[in-house]
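Reproduced below: entry-v6.txt, with compact mmCIF, C-alpha atoms.
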# COMPACT_ATOMS: atom_id res chain seq x y z
CA MET A 6 75.40 76.87 120.89
CA ALA A 7 75.29 75.78 117.26
CA GLY A 8 73.01 75.84 114.25
CA LEU A 9 71.99 73.60 111.38
CA TYR A 10 71.16 74.91 107.90
CA LEU A 11 69.53 72.74 105.22
CA HIS A 12 69.52 74.02 101.65
CA ILE A 13 66.52 72.77 99.66
CA PRO A 14 67.54 73.55 96.05
CA PHE A 15 64.21 73.46 94.21
CA CYS A 16 61.76 76.12 93.02
CA LYS A 17 58.60 76.07 90.90
CA GLN A 18 59.98 78.85 88.72
CA ALA A 19 62.95 81.21 88.61
CA CYS A 20 62.47 84.68 90.09
CA HIS A 21 64.08 87.27 87.83
CA TYR A 22 66.31 88.69 90.59
CA CYS A 23 67.50 85.48 92.28
CA ASP A 24 71.07 84.18 92.01
CA PHE A 25 70.82 81.56 94.78
CA HIS A 26 71.39 77.94 93.80
CA PHE A 27 68.18 76.15 92.79
CA SER A 28 66.61 74.05 90.05
CA THR A 29 63.12 74.29 88.59
CA SER A 30 63.27 70.59 87.72
CA LEU A 31 61.96 68.52 90.63
CA GLY A 32 62.98 65.18 89.14
CA LEU A 33 65.90 64.74 91.56
CA LYS A 34 63.98 65.77 94.69
CA GLY A 35 63.55 62.23 96.01
CA GLN A 36 67.21 61.35 95.48
CA PHE A 37 68.21 64.72 96.93
CA VAL A 38 66.39 63.92 100.18
CA GLU A 39 68.22 60.58 100.34
CA ALA A 40 71.53 62.38 99.79
CA LEU A 41 70.69 64.99 102.41
CA LEU A 42 70.05 62.25 104.99
CA ARG A 43 73.30 60.54 104.00
CA GLU A 44 75.26 63.79 104.27
CA MET A 45 73.79 64.31 107.71
CA ALA A 46 75.26 60.99 108.84
CA LEU A 47 78.61 61.69 107.15
CA ARG A 48 79.04 65.10 108.77
CA ARG A 49 77.42 64.64 112.16
CA HIS A 50 80.77 65.32 113.90
CA TYR A 51 81.58 68.51 111.95
CA LEU A 52 80.66 70.99 114.68
CA PRO A 53 83.36 71.82 117.28
CA ASP A 54 81.28 70.35 120.11
CA PRO A 55 79.08 67.54 118.71
CA ALA A 56 77.52 67.08 122.15
CA ALA A 57 76.24 70.66 122.28
CA PRO A 58 72.53 70.80 121.39
CA LEU A 59 71.41 72.55 118.23
CA GLU A 60 69.80 75.84 119.19
CA THR A 61 68.59 76.71 115.67
CA ILE A 62 67.57 74.75 112.58
CA TYR A 63 66.87 76.57 109.33
CA PHE A 64 65.39 75.22 106.10
CA GLY A 65 66.45 77.62 103.32
CA GLY A 66 66.56 77.51 99.57
CA GLY A 67 65.29 77.38 97.01
CA THR A 68 61.81 76.72 98.30
CA PRO A 69 61.70 74.41 101.34
CA SER A 70 57.90 74.56 101.39
CA LEU A 71 58.02 72.22 98.36
CA LEU A 72 58.99 69.38 100.74
CA THR A 73 56.18 66.97 101.47
CA GLY A 74 55.10 66.07 104.98
CA GLU A 75 56.72 62.64 104.61
CA GLU A 76 60.01 64.19 103.45
CA LEU A 77 60.02 66.63 106.35
CA SER A 78 59.28 63.82 108.78
CA ARG A 79 62.23 61.78 107.50
CA ILE A 80 64.54 64.77 107.75
CA PHE A 81 63.49 65.51 111.32
CA ASP A 82 63.88 61.86 112.30
CA ALA A 83 67.45 61.96 110.95
CA ILE A 84 68.23 65.21 112.75
CA GLN A 85 67.06 63.70 116.04
CA ALA A 86 69.12 60.57 115.36
CA HIS A 87 72.36 62.41 114.64
CA PHE A 88 72.26 65.59 116.75
CA PRO A 89 71.12 66.65 120.19
CA VAL A 90 68.43 69.31 119.77
CA SER A 91 67.51 71.88 122.40
CA PRO A 92 63.86 71.70 123.49
CA GLN A 93 63.76 75.49 122.91
CA ALA A 94 65.34 75.33 119.45
CA GLU A 95 64.18 77.87 116.88
CA ILE A 96 63.19 75.83 113.80
CA THR A 97 62.50 77.95 110.71
CA LEU A 98 61.17 76.99 107.30
CA GLU A 99 61.22 79.39 104.35
CA ALA A 100 57.97 79.27 102.38
CA ASN A 101 56.37 80.78 99.31
CA PRO A 102 52.80 82.04 99.77
CA ASP A 103 51.35 79.80 97.05
CA ASP A 104 52.54 76.69 98.92
CA LEU A 105 50.84 77.65 102.19
CA THR A 106 47.47 76.06 101.65
CA ALA A 107 45.38 75.11 104.69
CA ASP A 108 46.38 71.47 104.23
CA LYS A 109 50.09 72.27 103.94
CA LEU A 110 49.96 74.51 107.01
CA ALA A 111 48.30 71.72 108.99
CA VAL A 112 51.22 69.46 108.07
CA LEU A 113 53.77 72.12 109.04
CA ALA A 114 51.98 72.90 112.31
CA ALA A 115 52.12 69.22 113.26
CA SER A 116 55.89 69.14 112.64
CA PRO A 117 58.67 70.53 114.90
CA ILE A 118 58.74 73.74 112.79
CA ASN A 119 57.92 76.72 115.01
CA ARG A 120 58.83 79.65 112.77
CA LEU A 121 57.94 80.53 109.17
CA SER A 122 59.80 82.91 106.88
CA ILE A 123 57.38 83.81 104.07
CA GLY A 124 58.68 85.35 100.84
CA LEU A 125 55.99 87.91 100.08
CA GLN A 126 58.27 90.45 98.30
CA SER A 127 55.33 92.74 97.47
CA PHE A 128 51.58 93.21 97.72
CA HIS A 129 51.55 94.90 94.30
CA GLU A 130 50.52 92.56 91.48
CA PRO A 131 52.52 94.22 88.64
CA HIS A 132 55.69 94.07 90.76
CA LEU A 133 55.17 90.39 91.49
CA ARG A 134 54.74 89.74 87.76
CA LEU A 135 57.85 91.81 86.97
CA MET A 136 59.86 89.71 89.43
CA ASN A 137 58.29 86.48 88.09
CA ARG A 138 56.97 85.41 91.47
CA ALA A 139 54.75 82.33 91.50
CA HIS A 140 52.09 83.85 93.78
CA SER A 141 49.60 86.68 93.50
CA ALA A 142 49.26 89.80 95.63
CA GLN A 143 46.15 88.33 97.23
CA GLU A 144 48.07 85.16 98.10
CA SER A 145 50.72 87.30 99.81
CA TRP A 146 48.11 88.49 102.26
CA GLU A 147 46.14 85.27 102.61
CA ALA A 148 49.20 83.10 103.22
CA VAL A 149 50.17 85.05 106.34
CA ARG A 150 46.61 85.09 107.66
CA ARG A 151 46.28 81.32 107.09
CA ALA A 152 49.60 80.70 108.85
CA GLN A 153 48.47 82.76 111.83
CA ALA A 154 45.17 80.87 111.94
CA ALA A 155 47.10 77.58 111.86
CA GLY A 156 48.91 78.59 115.05
CA PHE A 157 52.12 80.11 113.69
CA GLU A 158 52.74 83.30 115.63
CA ASN A 159 56.51 83.46 115.02
CA ILE A 160 56.44 84.66 111.41
CA SER A 161 58.92 86.64 109.34
CA VAL A 162 58.08 88.11 105.95
CA ASP A 163 60.37 89.25 103.15
CA LEU A 164 59.84 92.44 101.17
CA ILE A 165 61.82 93.91 98.28
CA TYR A 166 62.24 97.66 97.72
CA GLY A 167 63.92 99.59 94.96
CA VAL A 168 61.70 98.02 92.29
CA PRO A 169 61.38 100.41 89.32
CA ALA A 170 58.39 102.71 89.78
CA ALA A 171 57.31 106.27 89.00
CA SER A 172 57.10 107.22 92.69
CA HIS A 173 57.22 105.78 96.20
CA THR A 174 53.45 105.25 96.35
CA ILE A 175 53.62 101.49 95.76
CA TRP A 176 56.33 101.01 98.40
CA GLU A 177 54.37 103.07 100.91
CA ALA A 178 51.27 100.95 100.21
CA ASP A 179 53.30 97.75 100.66
CA LEU A 180 54.47 98.96 104.07
CA ALA A 181 50.95 99.96 105.11
CA ARG A 182 49.70 96.50 104.15
CA LEU A 183 52.55 94.89 106.06
CA PHE A 184 51.66 96.63 109.30
CA GLU A 185 48.10 95.35 109.10
CA LEU A 186 49.47 91.80 109.42
CA GLY A 187 51.29 92.48 112.69
CA VAL A 188 54.08 89.94 112.12
CA PRO A 189 56.99 90.10 114.61
CA HIS A 190 59.81 90.05 112.05
CA VAL A 191 60.50 91.67 108.69
CA SER A 192 63.42 91.21 106.28
CA ALA A 193 63.60 93.93 103.63
CA TYR A 194 66.10 93.85 100.80
CA ALA A 195 66.96 96.29 98.03
CA LEU A 196 66.46 94.84 94.57
CA THR A 197 69.96 93.86 93.46
CA ILE A 198 70.67 93.14 89.81
CA GLU A 199 73.08 90.20 89.63
CA PRO A 200 74.69 89.40 86.25
CA ASP A 201 73.56 85.78 85.98
CA THR A 202 69.84 86.47 86.46
CA ALA A 203 67.00 87.39 84.11
CA PHE A 204 67.21 91.02 85.28
CA GLY A 205 70.98 91.02 84.82
CA ARG A 206 70.71 89.73 81.26
CA ARG A 207 67.92 92.18 80.44
CA LEU A 208 69.95 95.04 81.91
CA LYS A 209 72.87 94.11 79.66
CA LYS A 210 70.56 94.06 76.61
CA GLY A 211 69.04 97.39 77.59
CA THR A 212 65.51 95.98 78.10
CA PHE A 213 65.52 96.59 81.85
CA VAL A 214 66.33 99.88 83.58
CA ALA A 215 67.32 99.81 87.24
CA PRO A 216 66.09 102.70 89.38
CA PRO A 217 68.57 105.45 90.35
CA GLU A 218 70.56 104.92 93.57
CA GLU A 219 68.86 107.99 95.05
CA PHE A 220 65.43 106.39 94.50
CA VAL A 221 66.54 103.20 96.30
CA ALA A 222 68.07 105.21 99.15
CA GLN A 223 64.83 107.13 99.61
CA GLN A 224 62.89 103.89 99.84
CA PHE A 225 65.34 102.61 102.45
CA GLU A 226 64.82 105.78 104.46
CA LEU A 227 61.04 105.35 104.19
CA LEU A 228 61.45 101.78 105.39
CA LEU A 229 63.44 102.85 108.45
CA ALA A 230 61.03 105.64 109.39
CA GLN A 231 57.89 103.53 109.00
CA LEU A 232 59.17 100.45 110.80
CA ARG A 233 60.44 102.50 113.73
CA ALA A 234 57.14 104.35 113.92
CA HIS A 235 55.40 100.96 114.23
CA GLY A 236 57.68 99.68 116.99
CA TYR A 237 60.16 97.60 115.02
CA GLU A 238 63.87 97.63 115.85
CA GLN A 239 66.54 97.43 113.16
CA TYR A 240 68.98 94.88 114.56
CA GLU A 241 70.76 94.29 111.23
CA ILE A 242 70.77 96.37 108.06
CA SER A 243 68.08 94.29 106.34
CA ASN A 244 66.34 92.82 109.38
CA PHE A 245 63.75 94.32 111.72
CA CYS A 246 61.77 92.91 114.60
CA GLN A 247 59.43 93.73 117.40
CA PRO A 248 61.36 93.91 120.71
CA GLY A 249 62.94 90.58 121.56
CA ARG A 250 61.94 88.87 118.30
CA GLU A 251 65.25 88.63 116.45
CA SER A 252 65.97 85.67 114.20
CA ARG A 253 68.18 83.59 116.46
CA HIS A 254 69.60 81.61 113.55
CA ASN A 255 70.67 84.62 111.50
CA GLY A 256 71.85 86.38 114.63
CA ASN A 257 74.24 83.50 115.23
CA TYR A 258 75.73 84.00 111.75
CA TRP A 259 76.52 87.61 112.61
CA ARG A 260 77.99 86.61 115.97
CA GLY A 261 80.30 84.00 114.46
CA VAL A 262 78.58 80.97 116.03
CA PRO A 263 79.53 77.65 114.33
CA TYR A 264 76.94 76.03 112.07
CA LEU A 265 76.66 73.04 109.78
CA GLY A 266 75.21 73.54 106.32
CA LEU A 267 73.79 70.57 104.42
CA GLY A 268 72.83 70.33 100.76
CA PRO A 269 74.28 71.65 97.47
CA SER A 270 75.76 75.17 97.77
CA ALA A 271 75.34 75.15 101.57
CA HIS A 272 78.00 76.88 103.66
CA SER A 273 79.39 75.60 106.97
CA PHE A 274 81.56 77.28 109.61
CA ASP A 275 83.40 75.52 112.43
CA GLY A 276 85.07 78.58 113.95
CA ARG A 277 88.34 78.14 112.05
CA SER A 278 87.33 77.40 108.46
CA ARG A 279 84.42 77.66 106.05
CA GLN A 280 83.17 74.99 103.70
CA TYR A 281 81.13 75.54 100.53
CA ALA A 282 79.37 72.50 99.04
CA VAL A 283 79.21 72.17 95.26
CA ALA A 284 76.33 74.15 93.74
CA ASN A 285 75.16 71.39 91.41
CA ASN A 286 72.32 69.02 92.26
CA PRO A 287 73.34 65.99 90.11
CA GLN A 288 76.99 66.24 91.21
CA TYR A 289 75.98 66.54 94.86
CA VAL A 290 73.55 63.60 94.74
CA ALA A 291 75.99 61.33 92.88
CA ALA A 292 78.95 62.15 95.12
CA VAL A 293 77.05 61.63 98.36
CA LEU A 294 75.05 58.54 97.40
CA GLU A 295 77.62 56.76 95.22
CA ARG A 296 80.93 57.74 96.88
CA GLY A 297 79.93 58.81 100.36
CA GLU A 298 81.59 62.21 100.04
CA VAL A 299 80.52 65.84 99.82
CA PRO A 300 82.32 67.77 97.05
CA ALA A 301 83.22 71.12 98.56
CA THR A 302 85.69 73.97 98.75
CA VAL A 303 87.33 74.66 102.09
CA GLU A 304 88.51 78.12 103.09
CA HIS A 305 90.94 78.06 106.02
CA LEU A 306 90.68 81.32 107.92
CA SER A 307 93.87 83.04 108.99
CA PRO A 308 93.73 85.36 112.03
CA LEU A 309 93.42 88.28 109.61
CA ASP A 310 90.60 86.54 107.74
CA GLN A 311 88.80 86.03 111.04
CA ALA A 312 89.27 89.69 111.89
CA ASN A 313 87.85 90.76 108.54
CA GLU A 314 84.88 88.41 109.01
CA TYR A 315 84.20 89.85 112.45
CA LEU A 316 84.30 93.34 110.98
CA LEU A 317 82.01 92.40 108.09
CA THR A 318 79.34 90.72 110.19
CA THR A 319 79.25 92.94 113.26
CA LEU A 320 79.28 96.24 111.39
CA ARG A 321 75.92 95.31 109.84
CA THR A 322 74.28 94.93 113.24
CA SER A 323 72.89 97.39 115.76
CA ARG A 324 75.44 96.11 118.30
CA GLY A 325 78.21 97.40 116.09
CA CYS A 326 81.84 96.35 115.82
CA ASP A 327 83.91 96.24 119.01
CA LEU A 328 87.21 97.62 117.74
CA GLY A 329 88.83 96.82 121.09
CA HIS A 330 87.98 93.14 120.65
CA LEU A 331 89.14 93.34 117.05
CA ARG A 332 92.50 94.62 118.29
CA ASP A 333 93.00 92.55 121.44
CA ALA A 334 91.58 89.19 120.37
CA LEU A 335 92.00 89.24 116.60
CA GLY A 336 95.07 91.39 116.08
CA LEU A 337 93.61 94.07 113.78
CA ASP A 338 94.13 97.52 115.29
CA LEU A 339 91.87 99.79 113.24
CA LEU A 340 91.81 102.31 116.09
CA ALA A 341 95.47 103.05 115.36
CA GLU A 342 95.88 102.02 111.73
CA ARG A 343 92.73 103.70 110.36
CA ALA A 344 92.26 106.52 112.85
CA ASP A 345 91.91 109.17 110.13
CA TYR A 346 89.26 107.19 108.24
CA LEU A 347 87.32 106.45 111.42
CA ARG A 348 87.40 110.15 112.26
CA SER A 349 86.10 111.01 108.79
CA LEU A 350 83.20 108.57 109.27
CA THR A 351 82.17 110.18 112.53
CA ASP A 352 82.71 113.73 111.21
CA GLN A 353 80.43 112.96 108.24
CA HIS A 354 77.86 111.34 110.58
CA MET A 355 78.26 108.02 108.83
CA ALA A 356 79.12 106.27 112.08
CA THR A 357 79.48 106.73 115.82
CA LEU A 358 82.47 105.56 117.85
CA THR A 359 81.68 105.15 121.53
CA ASN A 360 83.75 103.10 123.98
CA ASN A 361 85.66 101.65 121.02
CA THR A 362 82.44 100.35 119.41
CA LEU A 363 81.84 101.47 115.83
CA ARG A 364 78.19 101.68 114.77
CA LEU A 365 76.85 102.85 111.43
CA THR A 366 74.25 105.61 111.35
CA ASP A 367 71.30 105.50 108.96
CA ALA A 368 73.40 107.40 106.43
CA GLY A 369 76.28 104.97 106.92
CA LYS A 370 74.05 101.93 106.44
CA LEU A 371 73.38 103.09 102.91
CA LEU A 372 77.13 102.76 102.26
CA ALA A 373 77.80 99.76 104.50
CA ASP A 374 79.48 97.63 101.83
CA HIS A 375 81.75 100.49 100.76
CA ILE A 376 82.71 101.32 104.34
CA THR A 377 83.46 97.69 105.15
CA LEU A 378 85.67 97.32 102.08
CA GLU A 379 87.54 100.47 103.06
CA LEU A 380 88.27 98.96 106.47
CA PHE A 381 89.23 95.49 105.19
CA THR A 382 92.95 94.76 105.36
CA GLU A 383 93.06 91.97 102.78
CA ALA A 384 90.72 89.56 101.03
CA PRO A 385 90.57 85.96 102.32
CA ALA A 386 91.98 83.24 100.10
CA ALA A 387 90.30 79.90 99.30
CA THR A 388 91.84 76.48 98.64
CA SER A 389 90.14 73.50 97.05
CA ALA A 390 89.68 70.27 98.95
Show me the file's structure as C-alpha cells.
Amino acid sequence: MAGLYLHIPFCKQACHYCDFHFSTSLGLKGQFVEALLREMALRRHYLPDPAAPLETIYFGGGTPSLLTGEELSRIFDAIQAHFPVSPQAEITLEANPDDLTADKLAVLAASPINRLSIGLQSFHEPHLRLMNRAHSAQESWEAVRRAQAAGFENISVDLIYGVPAASHTIWEADLARLFELGVPHVSAYALTIEPDTAFGRRLKKGTFVAPPEEFVAQQFELLLAQLRAHGYEQYEISNFCQPGRESRHNGNYWRGVPYLGLGPSAHSFDGRSRQYAVANNPQYVAAVLERGEVPATVEHLSPLDQANEYLLTTLRTSRGCDLGHLRDALGLDLLAERADYLRSLTDQHMATLTNNTLRLTDAGKLLADHITLELFTEAPAATSA
C-alpha cells in the first residue's frame, strides 16, 4: 500500500491565515506541470516497493482546481505510465468553491478523480472577507450542491473555527448549514495565527486580535457535540466522517504508510527517511527541467525518531497510540519511563490507558500538542542533501 501526493503551488489570492507554499503568480504554471511530469519520471522508484499499486492519489496545494482539464489529463497519463494504480484507488482533488463551475465539474467528473475536498471555511460572508477567501458564502453552498449534481458523492469540506466573533452564533449557524449538505467527511481546523501570514503581521502590529483560548476551546466542544449528534465519528483530532468514510490518504499518513510527494515543498516518506522538496517555484522548475534533479532536504530517521513519529501521528487518532508496540518494536518504553505522567493524564481525564493503548479524551485533544511534546524523548535532526 502506498500513496502519491502532488503539490500544486498556485492560488488566485493569498488567504490571510495560510502559511502553505504557494504563489499567486500563475506565469510558471505551464513550466511547473512540465517539471512535475519530469520529477515523476525521475522519482518513480522512490517507494519501497515500486511494484505495489498506488492506493491513494492526492492533489493538494495551493489550489489544484486551477489545473485545466488538459493539464490534469497529462498528469494522469504520466501517473499511469510510471506507477501501477489500484482500480479502487482513492483519488482526491482539493478545490476552492469559486473554481467549481458546472463546466469545471464536468471536466473533473470525466477524469479519474473520485473524491473532492472543498475549502469552504465558512458560510458567513464577513468571515470569508476577513480571511480573504476568493469565494462568497453563497458559492460555498452552491459549489457542494453542483459537485453532488455532477456525480461526486465522496466529498469532504473544510471549515475553520475560532474566528474572532462576539459569540458562538456564527459558528453554530455554520454547523447547521453544513449538516444540510449531508457530505460524508468534514475537516475542521482552529484558526492558527502563523507569523509569516497577513494575520501574523497584523497581530504583531496590533491591528488583529486573536480570540481567547477559552473561546476557541468552546467552539471545538460545540463542533464535537454537533458532529456526534449528526452521526459523524471523530477519527482524528481535526477530521470527522460518517461511518466508514475516512480519508484513506490522510489515514495512511497517520499509520506511517510510505508515500511519494511531488512538487515544490512536497514531503515524501519511504519508511526510513523523509524528504522535503524546496519551497520555491522558480528553483524547483529550473532544477528539475535544466539539471534533472529535485533540490530537497533529507531527514534520516533514527529508531528514536521513528518512535516519536509514531507517537505524534497515532495519538491524534481515535485508534490511539499502542504503547506496547512503541516499546517492543520501536524501543521507547513510555509505560516505564513516563509512568507518573501517564497516570496524571488518566487521573485528570485527559486520556485513557487500556490494554497499553493511550487515547486522548475530548479534554486531552484540546492539549494534544502539549501532551505529545511532553512525551517526546528528543527532537529529530535534519541533514541537507
For stretch 27-143 of chain A versus stretch 292-296 of chain A, which residues have an atom no more than 7 Å away, and what is each residue's nearest atom pair and distance in Å rounded to one decimal, using only C-alpha atoms, chain-then-number order, as a tab-separated table?
residue	atom	partner	partner_atom	distance
A:Ala40	CA	A:Leu294	CA	5.7
A:Arg43	CA	A:Val293	CA	6.9
A:Glu44	CA	A:Val293	CA	6.5
Problem set entry | Counting all atoms listed in the file, the residue of A:Arg150, A:His87, A:His12, A:Lys209 that sits nearest A:Tyr51 |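 Residue with the minimum atom-to-atom distance to A:Tyr51: A:His87.
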Problem set entry | Atomic separation - atom CA of A:Pro189 relative to atom CA of A:Thr318, Å |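 Here the two named atoms are 22.8 Å from each other.
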Exercise. Of the residues A:Gln247, A:Ser278, A:Ser172, A:Ser145, which is the one nearest to A:Arg233, using only C-alpha atoms?
Worked result: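 Residue with the minimum atom-to-atom distance to A:Arg233: A:Gln247.
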For this session: Dig up all the protein and nucleic acid residues within 8 Å of (56.0, 93.9, 104.7) in the file frame, using only C-alpha atoms, and format them as an MDAnalysis selection string.
Result: chainID A and resid 125:127 162:164 179:184 191 193
Exercise. Of the candidates A:Arg49, A:Lys17, A:Arg343, A:His235, which one gets nearest to A:Gly32 if we count all atoms listed in the file?
Worked result: A:Lys17
For this session: In the coordinates of the file, take the point (58.6, 66.1, 110.7) and a cut-off of 10 Å; then, counting all atoms listed in the file, name each qualifying protein, DNA or RNA residue as a list in words.
Result: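 Within 10 Å of (58.6, 66.1, 110.7), the protein and nucleic acid residues are Thr73, Gly74, Glu75, Glu76, Leu77, Ser78, Arg79, Ile80, Phe81, Asp82, Ala83, Ile84, Val112, Leu113, Ala114, Ala115, Ser116, Pro117 and Ile118 of chain A.
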Problem set entry | Residue among A:Leu186, A:Leu105, A:Leu340, A:Ala195 lying closest to A:Leu371, counting all atoms listed in the file | A:Ala195
Exercise. For A:Tyr346, which residue among A:Ile376, A:Met136, A:Ala56, A:Ile62 is the nearest when counting all atoms listed in the file?
Worked result: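 Of all the options, A:Ile376 lies closest to A:Tyr346.
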For this session: Would you mind listing what lies within 12 Å of A:Val188 as a ChimeraX atom specification, with all atoms listed in the file counted and same-chain residues fewer than 4 positions away left out?
Result: /A:120-123,146,149-150,152-153,157-163,182-184,192,232,235-237,245-248,250
Just stretch 75-107 of chain A from the block, C-alpha atoms, as a short mmCIF file (atom, residue, chain, number, x, y, z; two decimals), in the first residue's frame, could you?
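This went into out_5.cif:
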data_model
loop_
_atom_site.label_atom_id
_atom_site.label_comp_id
_atom_site.auth_asym_id
_atom_site.auth_seq_id
_atom_site.Cartn_x
_atom_site.Cartn_y
_atom_site.Cartn_z
CA GLU A 75 -5.63 19.21 -20.39
CA GLU A 76 -3.11 19.60 -17.56
CA LEU A 77 -4.93 17.05 -15.43
CA SER A 78 -5.09 14.64 -18.35
CA ARG A 79 -1.34 14.88 -18.90
CA ILE A 80 -0.65 14.32 -15.22
CA PHE A 81 -2.88 11.24 -15.09
CA ASP A 82 -1.30 9.85 -18.25
CA ALA A 83 2.13 10.20 -16.61
CA ILE A 84 0.94 8.58 -13.38
CA GLN A 85 -0.37 5.59 -15.33
CA ALA A 86 2.90 5.39 -17.27
CA HIS A 87 5.14 5.40 -14.21
CA PHE A 88 3.14 3.71 -11.43
CA PRO A 89 0.74 0.82 -11.04
CA VAL A 90 -2.57 2.20 -9.77
CA SER A 91 -5.18 0.17 -7.91
CA PRO A 92 -8.57 0.09 -9.65
CA GLN A 93 -10.06 1.04 -6.26
CA ALA A 94 -7.65 3.92 -5.63
CA GLU A 95 -8.99 6.94 -3.77
CA ILE A 96 -8.13 9.96 -5.95
CA THR A 97 -8.73 13.31 -4.24
CA LEU A 98 -8.51 16.85 -5.59
CA GLU A 99 -8.63 19.89 -3.32
CA ALA A 100 -10.83 22.64 -4.76
CA ASN A 101 -11.97 26.15 -4.00
CA PRO A 102 -15.71 26.79 -4.39
CA ASP A 103 -15.26 29.57 -6.96
CA ASP A 104 -13.47 27.15 -9.31
CA LEU A 105 -16.27 24.56 -9.25
CA THR A 106 -18.37 25.82 -12.12
CA ALA A 107 -20.64 23.38 -13.95
#
